Amino acid sequence: MAGKDRILVLGPTGAIGRHIVWASVKAGNPTYVLVRDTPPNVNKPRLVTAANPETRDELLQNFQNSGVFLIQGDMNDHQSLVNAIKQVDVVICSFGRLLIEDQVKIIAAIKEAGNVKRFFPSEFGLDVDRHDAVEPVREVFEEKAKIRRVIEAEGVPYTYLCCHAFTGYFLRNLAQIDITVPPRDKILIQGDGNVKGAYVTEADVGIYTVEAVNDPNTLNKAVHIRLPANYLTLNEIVSLWEKKIGKSLEKIYVPEEKVLKDIQELSFPNNYLLALYHSQQIRGDAVYEIDPTKDVEASEAYPHVKYTTVNEYLNQFL
C-alpha cells in the first residue's frame with residue numbers, strides 16, 4: 001500500500017499555515033516546510049497576534065521536534081523553490097494578502113518540477129468567485145481569482161479551500177474593532193444581524209485542508225467549510241454569548257451606509273477587518289448553493305471530523 005502524499009507548506013508560520021502543518025503531521029503525511037534565512041519583518045495586527053501567540057522560532061523548533069522537514073529556500077529563488085517542490089507531492093500555499101500575486105512564481109516552479117499532484121493556492125477565506133465585497137478586501141479577492149485563472153490555464157491540478165470566517169478574527173471579538181475578547185456590555189452589529197456567516201477555527205481549517213489533500217474527489221474542485229453548528233447569524237452568536245455570561249448586551253445596529261463610510265475613513269488594519277465583516281454579515285457572501293460538479297461541502301465529505309463549535313469556542317472567554 002502506497003504511503004500518504006508528501007506535503008510542502010509555504011508560509012508555515014503564519015496564522016493558518018501553522019495549523020496546516022500540525023494537521024499534516026497528525027494525519028501521518030510526511031510534512032515539509034519552506035523556511036527563509038531572513039524572515040520578513042511583518043507588523044501584525046493585535047487581533048492576529050492574540051489568536052497566534054507562538055513565535056516563529058518557537059514554531060520552527062516545535063516543527064522540527066515533531067519530525068517536520070525544514071527546507072531552506074525562498075519564493076524569490078526559483079531554483080530553491082523547484083528543488084523543494086521536487087521532494088513532495090502536494091504544495092499548499094498559505095501566504096498573506098501582500099504575496100497573493102507572487103504565487104505565479106510557485107506555479108512556474110510547479111510546472112518546471114513536473115511532479116506535483118495538487119496545488120492548494122492561498123485562499124482560506126470566502127469563495128473568491130462568489131462575493132460582493134468592497135475595498136480594500138475586494139482587490140485581494142480579485143487577485144486570488146486571477147491566480148485561480150492562471151492555475152487553470154497552466155493545467156496545474158488544484159484544490160481551492162474556502163473556509164470563510166476564522167474564529168480568531170471574527171469570533172474572539174464578536175466582529176468588534178479594536179478588542180481581542182468578546183464584549184460584555186455593548187456590541188455593534190452590522191446590518192440587521194440576521195445574515196448567516198460560516199465560522200471555523202484555524203486548527204479545524206488545517207484538519208479539513210489535509211482531509212482534502214488525502215481525498216482524490218477534491219481534485220480540481222473547491223472545498224467549502226460551512227459547518228452546520230457554525231453556520232449562524234451574528235444575532236444567534238450574540239444570544240449564545242449572552243446566555244454564557246448571564247446578561248444581555250446593549251445592541252447597536254449599524255446600517256450599511258454607515259459601515260461603508262467607516263470602512264472608507266478607517267486605516268489599516270481596521271478598514272480591512274471591517275470590510276471582511278461587511279462581506280459576510282451584510283452582503284451574505286457565505287450564503288450560496290453548492291455545485292456538485294465543481295464543489296465539495298466539507299461537513300458532508302468528512303463527517304468523521306469533530307470540529308470545534310461556536311458554542312464550544314466561546315467557553316474559553318468565560
# chains A, B, ... in the order shown; residues from 1 in each chain; ligands from 1
>>> select_by_dssp(residues="segment 145-253 of chain A", states="strand (DSSP E)", output="ChimeraX atom specification")
/A:159-162,165-166,186-190,196-200,221-224,231-233,250-253
>>> write_last_selection(atoms="N, CA, C and O atoms", output="compact mmCIF listing (two decimals), in the first residue's frame")
# COMPACT_ATOMS: atom_id res chain seq x y z
N THR A 159 -6.77 22.32 -5.75
CA THR A 159 -7.95 22.34 -4.89
C THR A 159 -8.00 23.72 -4.27
O THR A 159 -6.98 24.22 -3.78
N TYR A 160 -9.18 24.35 -4.30
CA TYR A 160 -9.37 25.64 -3.65
C TYR A 160 -10.07 25.42 -2.32
O TYR A 160 -11.08 24.72 -2.25
N LEU A 161 -9.53 26.00 -1.26
CA LEU A 161 -10.08 25.79 0.08
C LEU A 161 -10.79 27.07 0.54
O LEU A 161 -10.15 28.09 0.80
N CYS A 162 -12.12 27.01 0.64
CA CYS A 162 -12.93 28.17 1.03
C CYS A 162 -13.46 27.95 2.44
O CYS A 162 -14.37 27.14 2.64
N ALA A 165 -14.92 32.46 7.67
CA ALA A 165 -14.50 33.32 8.79
C ALA A 165 -13.72 32.57 9.85
O ALA A 165 -14.26 31.70 10.53
N PHE A 166 -12.44 32.92 10.00
CA PHE A 166 -11.63 32.37 11.09
C PHE A 166 -12.21 32.83 12.43
O PHE A 166 -12.51 34.02 12.61
N LYS A 186 -21.73 46.24 25.54
CA LYS A 186 -22.49 46.60 24.34
C LYS A 186 -21.78 46.06 23.10
O LYS A 186 -20.58 45.78 23.13
N ILE A 187 -22.53 45.94 22.03
CA ILE A 187 -21.98 45.37 20.80
C ILE A 187 -22.56 46.10 19.59
O ILE A 187 -23.74 46.44 19.56
N LEU A 188 -21.68 46.37 18.61
CA LEU A 188 -22.11 46.92 17.33
C LEU A 188 -22.37 45.77 16.38
O LEU A 188 -21.52 44.89 16.20
N ILE A 189 -23.53 45.77 15.75
CA ILE A 189 -23.91 44.71 14.83
C ILE A 189 -24.15 45.31 13.45
O ILE A 189 -24.98 46.20 13.30
N GLN A 190 -23.39 44.86 12.47
CA GLN A 190 -23.56 45.37 11.11
C GLN A 190 -24.88 44.89 10.52
O GLN A 190 -25.21 43.71 10.59
N LYS A 196 -26.59 34.88 7.64
CA LYS A 196 -25.77 33.77 8.10
C LYS A 196 -24.31 33.92 7.65
O LYS A 196 -24.02 34.31 6.52
N GLY A 197 -23.42 33.57 8.59
CA GLY A 197 -21.99 33.51 8.29
C GLY A 197 -21.48 32.12 8.63
O GLY A 197 -22.13 31.36 9.34
N ALA A 198 -20.29 31.80 8.11
CA ALA A 198 -19.69 30.49 8.35
C ALA A 198 -18.41 30.68 9.15
O ALA A 198 -17.50 31.38 8.70
N TYR A 199 -18.33 30.05 10.32
CA TYR A 199 -17.21 30.24 11.23
C TYR A 199 -16.47 28.91 11.43
O TYR A 199 -17.09 27.84 11.47
N VAL A 200 -15.15 29.00 11.57
CA VAL A 200 -14.35 27.79 11.76
C VAL A 200 -13.05 28.17 12.45
O VAL A 200 -12.48 29.24 12.18
N LYS A 221 -11.42 20.85 -7.70
CA LYS A 221 -12.67 21.35 -7.13
C LYS A 221 -12.37 22.33 -6.01
O LYS A 221 -11.24 22.45 -5.53
N ALA A 222 -13.41 23.02 -5.56
CA ALA A 222 -13.32 23.90 -4.39
C ALA A 222 -13.98 23.19 -3.21
O ALA A 222 -15.06 22.62 -3.34
N VAL A 223 -13.30 23.23 -2.07
CA VAL A 223 -13.84 22.64 -0.85
C VAL A 223 -14.36 23.78 0.03
O VAL A 223 -13.64 24.74 0.31
N HIS A 224 -15.62 23.67 0.45
CA HIS A 224 -16.28 24.73 1.20
C HIS A 224 -16.50 24.27 2.64
O HIS A 224 -17.13 23.23 2.87
N TYR A 231 -22.82 27.65 11.24
CA TYR A 231 -23.40 28.45 10.15
C TYR A 231 -24.52 29.27 10.78
O TYR A 231 -25.69 28.88 10.80
N LEU A 232 -24.13 30.44 11.32
CA LEU A 232 -25.00 31.19 12.21
C LEU A 232 -25.05 32.67 11.85
O LEU A 232 -24.11 33.21 11.25
N THR A 233 -26.12 33.34 12.27
CA THR A 233 -26.18 34.80 12.18
C THR A 233 -25.46 35.39 13.39
O THR A 233 -25.27 34.71 14.42
N GLU A 250 -26.12 45.54 25.30
CA GLU A 250 -26.75 46.62 24.56
C GLU A 250 -26.38 46.45 23.09
O GLU A 250 -25.19 46.42 22.75
N LYS A 251 -27.36 46.34 22.23
CA LYS A 251 -27.10 46.07 20.81
C LYS A 251 -27.34 47.33 19.98
O LYS A 251 -28.41 47.93 20.04
N ILE A 252 -26.32 47.72 19.25
CA ILE A 252 -26.41 48.89 18.38
C ILE A 252 -26.29 48.39 16.94
O ILE A 252 -25.23 47.91 16.52
N TYR A 253 -27.38 48.48 16.19
CA TYR A 253 -27.39 48.01 14.81
C TYR A 253 -26.93 49.13 13.88
O TYR A 253 -27.47 50.24 13.91
>>> closest_atom_pairs(of="segment 148-195 of chain A", to="segment 118-139 of chain A", cutoff="12 Å", atoms="only C-alpha atoms", output="tab-separated table")
residue	atom	partner	partner_atom	distance
A:Arg148	CA	A:Pro121	CA	7.9
A:Arg149	CA	A:Asp129	CA	10.5
A:Val150	CA	A:Pro121	CA	10.9
A:Ile151	CA	A:Phe119	CA	8.7
A:Glu152	CA	A:Phe119	CA	10.9
A:Glu154	CA	A:Phe119	CA	11.9
A:Gly155	CA	A:Arg118	CA	10.8
A:Val156	CA	A:Phe119	CA	7.2
A:Pro157	CA	A:Arg118	CA	4.9
A:Tyr158	CA	A:Phe119	CA	4.6
A:Thr159	CA	A:Phe120	CA	5.2
A:Tyr160	CA	A:Phe120	CA	5.9
A:Leu161	CA	A:Phe124	CA	5.6
A:Cys162	CA	A:Phe124	CA	5.2
A:Cys163	CA	A:Gly125	CA	5.1
A:His164	CA	A:Gly125	CA	4.2
A:Ala165	CA	A:Gly125	CA	6.5
A:Phe166	CA	A:Gly125	CA	8.0
A:Thr167	CA	A:Gly125	CA	11.7
A:Tyr169	CA	A:Gly125	CA	11.4
A:Phe170	CA	A:Gly125	CA	11.9
>>> write_last_selection(atoms="C-alpha atoms", output="mmCIF file, in the first residue's frame")
data_model
loop_
_atom_site.group_PDB
_atom_site.id
_atom_site.type_symbol
_atom_site.label_atom_id
_atom_site.label_comp_id
_atom_site.auth_asym_id
_atom_site.auth_seq_id
_atom_site.Cartn_x
_atom_site.Cartn_y
_atom_site.Cartn_z
ATOM 1 C CA ARG A 148 -7.160 30.638 -9.972
ATOM 2 C CA ARG A 149 -7.344 31.506 -13.646
ATOM 3 C CA VAL A 150 -3.551 31.179 -14.068
ATOM 4 C CA ILE A 151 -3.605 27.755 -12.366
ATOM 5 C CA GLU A 152 -6.394 26.575 -14.647
ATOM 6 C CA GLU A 154 -1.471 26.282 -16.946
ATOM 7 C CA GLY A 155 -3.162 22.948 -16.336
ATOM 8 C CA VAL A 156 -1.887 22.644 -12.758
ATOM 9 C CA PRO A 157 -4.001 20.215 -10.688
ATOM 10 C CA TYR A 158 -5.608 22.155 -7.847
ATOM 11 C CA THR A 159 -7.946 22.336 -4.888
ATOM 12 C CA TYR A 160 -9.366 25.643 -3.653
ATOM 13 C CA LEU A 161 -10.081 25.790 0.081
ATOM 14 C CA CYS A 162 -12.929 28.169 1.030
ATOM 15 C CA CYS A 163 -13.249 28.370 4.803
ATOM 16 C CA HIS A 164 -14.882 31.795 5.290
ATOM 17 C CA ALA A 165 -14.501 33.322 8.787
ATOM 18 C CA PHE A 166 -11.634 32.368 11.092
ATOM 19 C CA THR A 167 -12.782 32.322 14.696
ATOM 20 C CA TYR A 169 -10.579 37.143 13.580
ATOM 21 C CA PHE A 170 -14.376 37.073 13.717
#
>>> closest_residue(among="A:Leu318, A:Met75, A:Ile92, A:Ile237", to="Ala175 of chain A", atoms="only C-alpha atoms")
A:Ile237
>>> residues_around(residues="Val210 of chain A", least_positions_apart="5", cutoff="9 Å", atoms="only C-alpha atoms", output="ChimeraX atom specification")
/A:7,20,23-24,27,29,205,215
>>> write_last_selection(atoms="N, CA and C atoms", output="short mmCIF file (atom, residue, chain, number, x, y, z; two decimals), in the first residue's frame")
data_model
loop_
_atom_site.label_atom_id
_atom_site.label_comp_id
_atom_site.auth_asym_id
_atom_site.auth_seq_id
_atom_site.Cartn_x
_atom_site.Cartn_y
_atom_site.Cartn_z
N ILE A 7 3.60 16.52 1.80
CA ILE A 7 3.02 17.86 1.74
C ILE A 7 4.08 18.91 2.03
N ILE A 20 -2.03 24.03 9.36
CA ILE A 20 -1.96 23.04 8.29
C ILE A 20 -0.79 22.09 8.55
N ALA A 23 -1.78 19.68 11.33
CA ALA A 23 -2.78 18.72 10.86
C ALA A 23 -2.14 17.68 9.96
N SER A 24 -1.19 18.11 9.14
CA SER A 24 -0.49 17.18 8.26
C SER A 24 0.32 16.17 9.06
N ALA A 27 -2.01 13.70 10.70
CA ALA A 27 -2.62 12.78 9.74
C ALA A 27 -1.63 11.74 9.22
N ASN A 29 0.94 12.44 7.14
CA ASN A 29 1.56 12.82 5.87
C ASN A 29 2.97 13.32 6.12
N VAL A 205 -9.49 24.39 10.13
CA VAL A 205 -9.16 24.65 8.73
C VAL A 205 -7.99 23.76 8.32
N ASP A 215 -7.99 13.21 -0.18
CA ASP A 215 -9.25 12.82 -0.82
C ASP A 215 -9.16 13.07 -2.33
#
>>> select_by_dssp(residues="segment 57-299 of chain A", states="alpha helix (DSSP H)", output="PyMOL selection string")
chain A and resi 57-65+78-85+103-113+137-154+167-170+202-213+234-245+256-265+270-281+298-299
>>> closest_residue(among="A:Leu314, A:Gly206, A:Tyr277, A:Pro216", to="Asn230 of chain A", atoms="only C-alpha atoms")
A:Leu314
>>> atom_distance(atom1="atom CA of Leu60 of chain A", atom2="atom CA of Glu211 of chain A")
23.1 Å
>>> closest_residue(among="A:Ala212, A:Ala229, A:Val305, A:Leu174", to="Gln281 of chain A", atoms="only C-alpha atoms")
A:Leu174
>>> closest_residue(among="A:Leu219, A:Ile85, A:Leu34, A:Val25", to="Lys294 of chain A", atoms="only C-alpha atoms")
A:Leu219
>>> decode(residues="segment 215-246 of chain A", atoms="N, CA, C and O atoms", output="short mmCIF file (atom, residue, chain, number, x, y, z; two decimals), in the first residue's frame")
data_model
loop_
_atom_site.label_atom_id
_atom_site.label_comp_id
_atom_site.auth_asym_id
_atom_site.auth_seq_id
_atom_site.Cartn_x
_atom_site.Cartn_y
_atom_site.Cartn_z
N ASP A 215 -7.99 13.21 -0.18
CA ASP A 215 -9.25 12.82 -0.82
C ASP A 215 -9.16 13.07 -2.33
O ASP A 215 -9.17 14.22 -2.77
N PRO A 216 -9.09 12.03 -3.13
CA PRO A 216 -8.98 12.23 -4.59
C PRO A 216 -10.21 12.91 -5.19
O PRO A 216 -10.12 13.49 -6.29
N ASN A 217 -11.33 12.91 -4.48
CA ASN A 217 -12.56 13.53 -5.02
C ASN A 217 -12.50 15.05 -5.03
O ASN A 217 -13.40 15.69 -5.59
N THR A 218 -11.49 15.64 -4.38
CA THR A 218 -11.39 17.10 -4.36
C THR A 218 -10.49 17.64 -5.46
O THR A 218 -10.28 18.85 -5.55
N LEU A 219 -9.98 16.76 -6.30
CA LEU A 219 -9.11 17.20 -7.39
C LEU A 219 -9.87 18.13 -8.33
O LEU A 219 -10.96 17.81 -8.81
N ASN A 220 -9.26 19.30 -8.56
CA ASN A 220 -9.83 20.32 -9.46
C ASN A 220 -11.22 20.77 -9.03
O ASN A 220 -12.11 21.03 -9.86
N LYS A 221 -11.42 20.85 -7.70
CA LYS A 221 -12.67 21.35 -7.13
C LYS A 221 -12.37 22.33 -6.01
O LYS A 221 -11.24 22.45 -5.53
N ALA A 222 -13.41 23.02 -5.56
CA ALA A 222 -13.32 23.90 -4.39
C ALA A 222 -13.98 23.19 -3.21
O ALA A 222 -15.06 22.62 -3.34
N VAL A 223 -13.30 23.23 -2.07
CA VAL A 223 -13.84 22.64 -0.85
C VAL A 223 -14.36 23.78 0.03
O VAL A 223 -13.64 24.74 0.31
N HIS A 224 -15.62 23.67 0.45
CA HIS A 224 -16.28 24.73 1.20
C HIS A 224 -16.50 24.27 2.64
O HIS A 224 -17.13 23.23 2.87
N ILE A 225 -16.01 25.05 3.59
CA ILE A 225 -16.18 24.71 5.00
C ILE A 225 -17.30 25.58 5.58
O ILE A 225 -17.09 26.73 5.95
N ARG A 226 -18.49 25.02 5.61
CA ARG A 226 -19.65 25.69 6.20
C ARG A 226 -20.29 24.67 7.13
O ARG A 226 -21.17 23.91 6.72
N LEU A 227 -19.82 24.64 8.35
CA LEU A 227 -20.17 23.59 9.30
C LEU A 227 -21.54 23.85 9.92
O LEU A 227 -21.81 24.98 10.36
N PRO A 228 -22.40 22.85 9.98
CA PRO A 228 -23.79 23.07 10.41
C PRO A 228 -23.94 23.83 11.72
O PRO A 228 -24.75 24.77 11.81
N ALA A 229 -23.17 23.47 12.74
CA ALA A 229 -23.31 24.13 14.05
C ALA A 229 -22.68 25.52 14.07
O ALA A 229 -22.89 26.28 15.02
N ASN A 230 -21.93 25.84 13.03
CA ASN A 230 -21.22 27.13 12.97
C ASN A 230 -21.72 28.03 11.85
O ASN A 230 -21.10 29.05 11.55
N TYR A 231 -22.82 27.65 11.24
CA TYR A 231 -23.40 28.45 10.15
C TYR A 231 -24.52 29.27 10.78
O TYR A 231 -25.69 28.88 10.80
N LEU A 232 -24.13 30.44 11.32
CA LEU A 232 -25.00 31.19 12.21
C LEU A 232 -25.05 32.67 11.85
O LEU A 232 -24.11 33.21 11.25
N THR A 233 -26.12 33.34 12.27
CA THR A 233 -26.18 34.80 12.18
C THR A 233 -25.46 35.39 13.39
O THR A 233 -25.27 34.71 14.42
N LEU A 234 -25.10 36.67 13.30
CA LEU A 234 -24.46 37.31 14.45
C LEU A 234 -25.44 37.44 15.61
O LEU A 234 -25.05 37.32 16.78
N ASN A 235 -26.71 37.64 15.32
CA ASN A 235 -27.70 37.67 16.40
C ASN A 235 -27.73 36.35 17.16
O ASN A 235 -27.84 36.33 18.40
N GLU A 236 -27.63 35.24 16.44
CA GLU A 236 -27.61 33.93 17.10
C GLU A 236 -26.35 33.76 17.95
O GLU A 236 -26.41 33.22 19.07
N ILE A 237 -25.23 34.24 17.45
CA ILE A 237 -23.97 34.13 18.21
C ILE A 237 -24.02 35.01 19.46
O ILE A 237 -23.61 34.58 20.55
N VAL A 238 -24.53 36.23 19.32
CA VAL A 238 -24.66 37.12 20.48
C VAL A 238 -25.56 36.49 21.54
O VAL A 238 -25.28 36.55 22.74
N SER A 239 -26.64 35.86 21.10
CA SER A 239 -27.54 35.19 22.04
C SER A 239 -26.83 34.08 22.80
O SER A 239 -27.01 33.92 24.02
N LEU A 240 -25.99 33.30 22.11
CA LEU A 240 -25.19 32.27 22.76
C LEU A 240 -24.28 32.88 23.83
O LEU A 240 -24.17 32.35 24.95
N TRP A 241 -23.63 33.98 23.47
CA TRP A 241 -22.71 34.63 24.39
C TRP A 241 -23.45 35.20 25.61
O TRP A 241 -22.98 35.10 26.74
N GLU A 242 -24.59 35.79 25.36
CA GLU A 242 -25.38 36.35 26.47
C GLU A 242 -25.78 35.26 27.47
O GLU A 242 -25.76 35.48 28.69
N LYS A 243 -26.16 34.11 26.97
CA LYS A 243 -26.52 33.01 27.86
C LYS A 243 -25.33 32.57 28.70
O LYS A 243 -25.46 32.22 29.88
N LYS A 244 -24.15 32.60 28.11
CA LYS A 244 -22.94 32.17 28.83
C LYS A 244 -22.56 33.13 29.94
O LYS A 244 -22.13 32.72 31.02
N ILE A 245 -22.71 34.44 29.69
CA ILE A 245 -22.29 35.43 30.70
C ILE A 245 -23.44 35.85 31.60
O ILE A 245 -23.24 36.61 32.56
N GLY A 246 -24.65 35.39 31.30
CA GLY A 246 -25.79 35.66 32.16
C GLY A 246 -26.28 37.09 32.15
O GLY A 246 -26.84 37.58 33.13
#
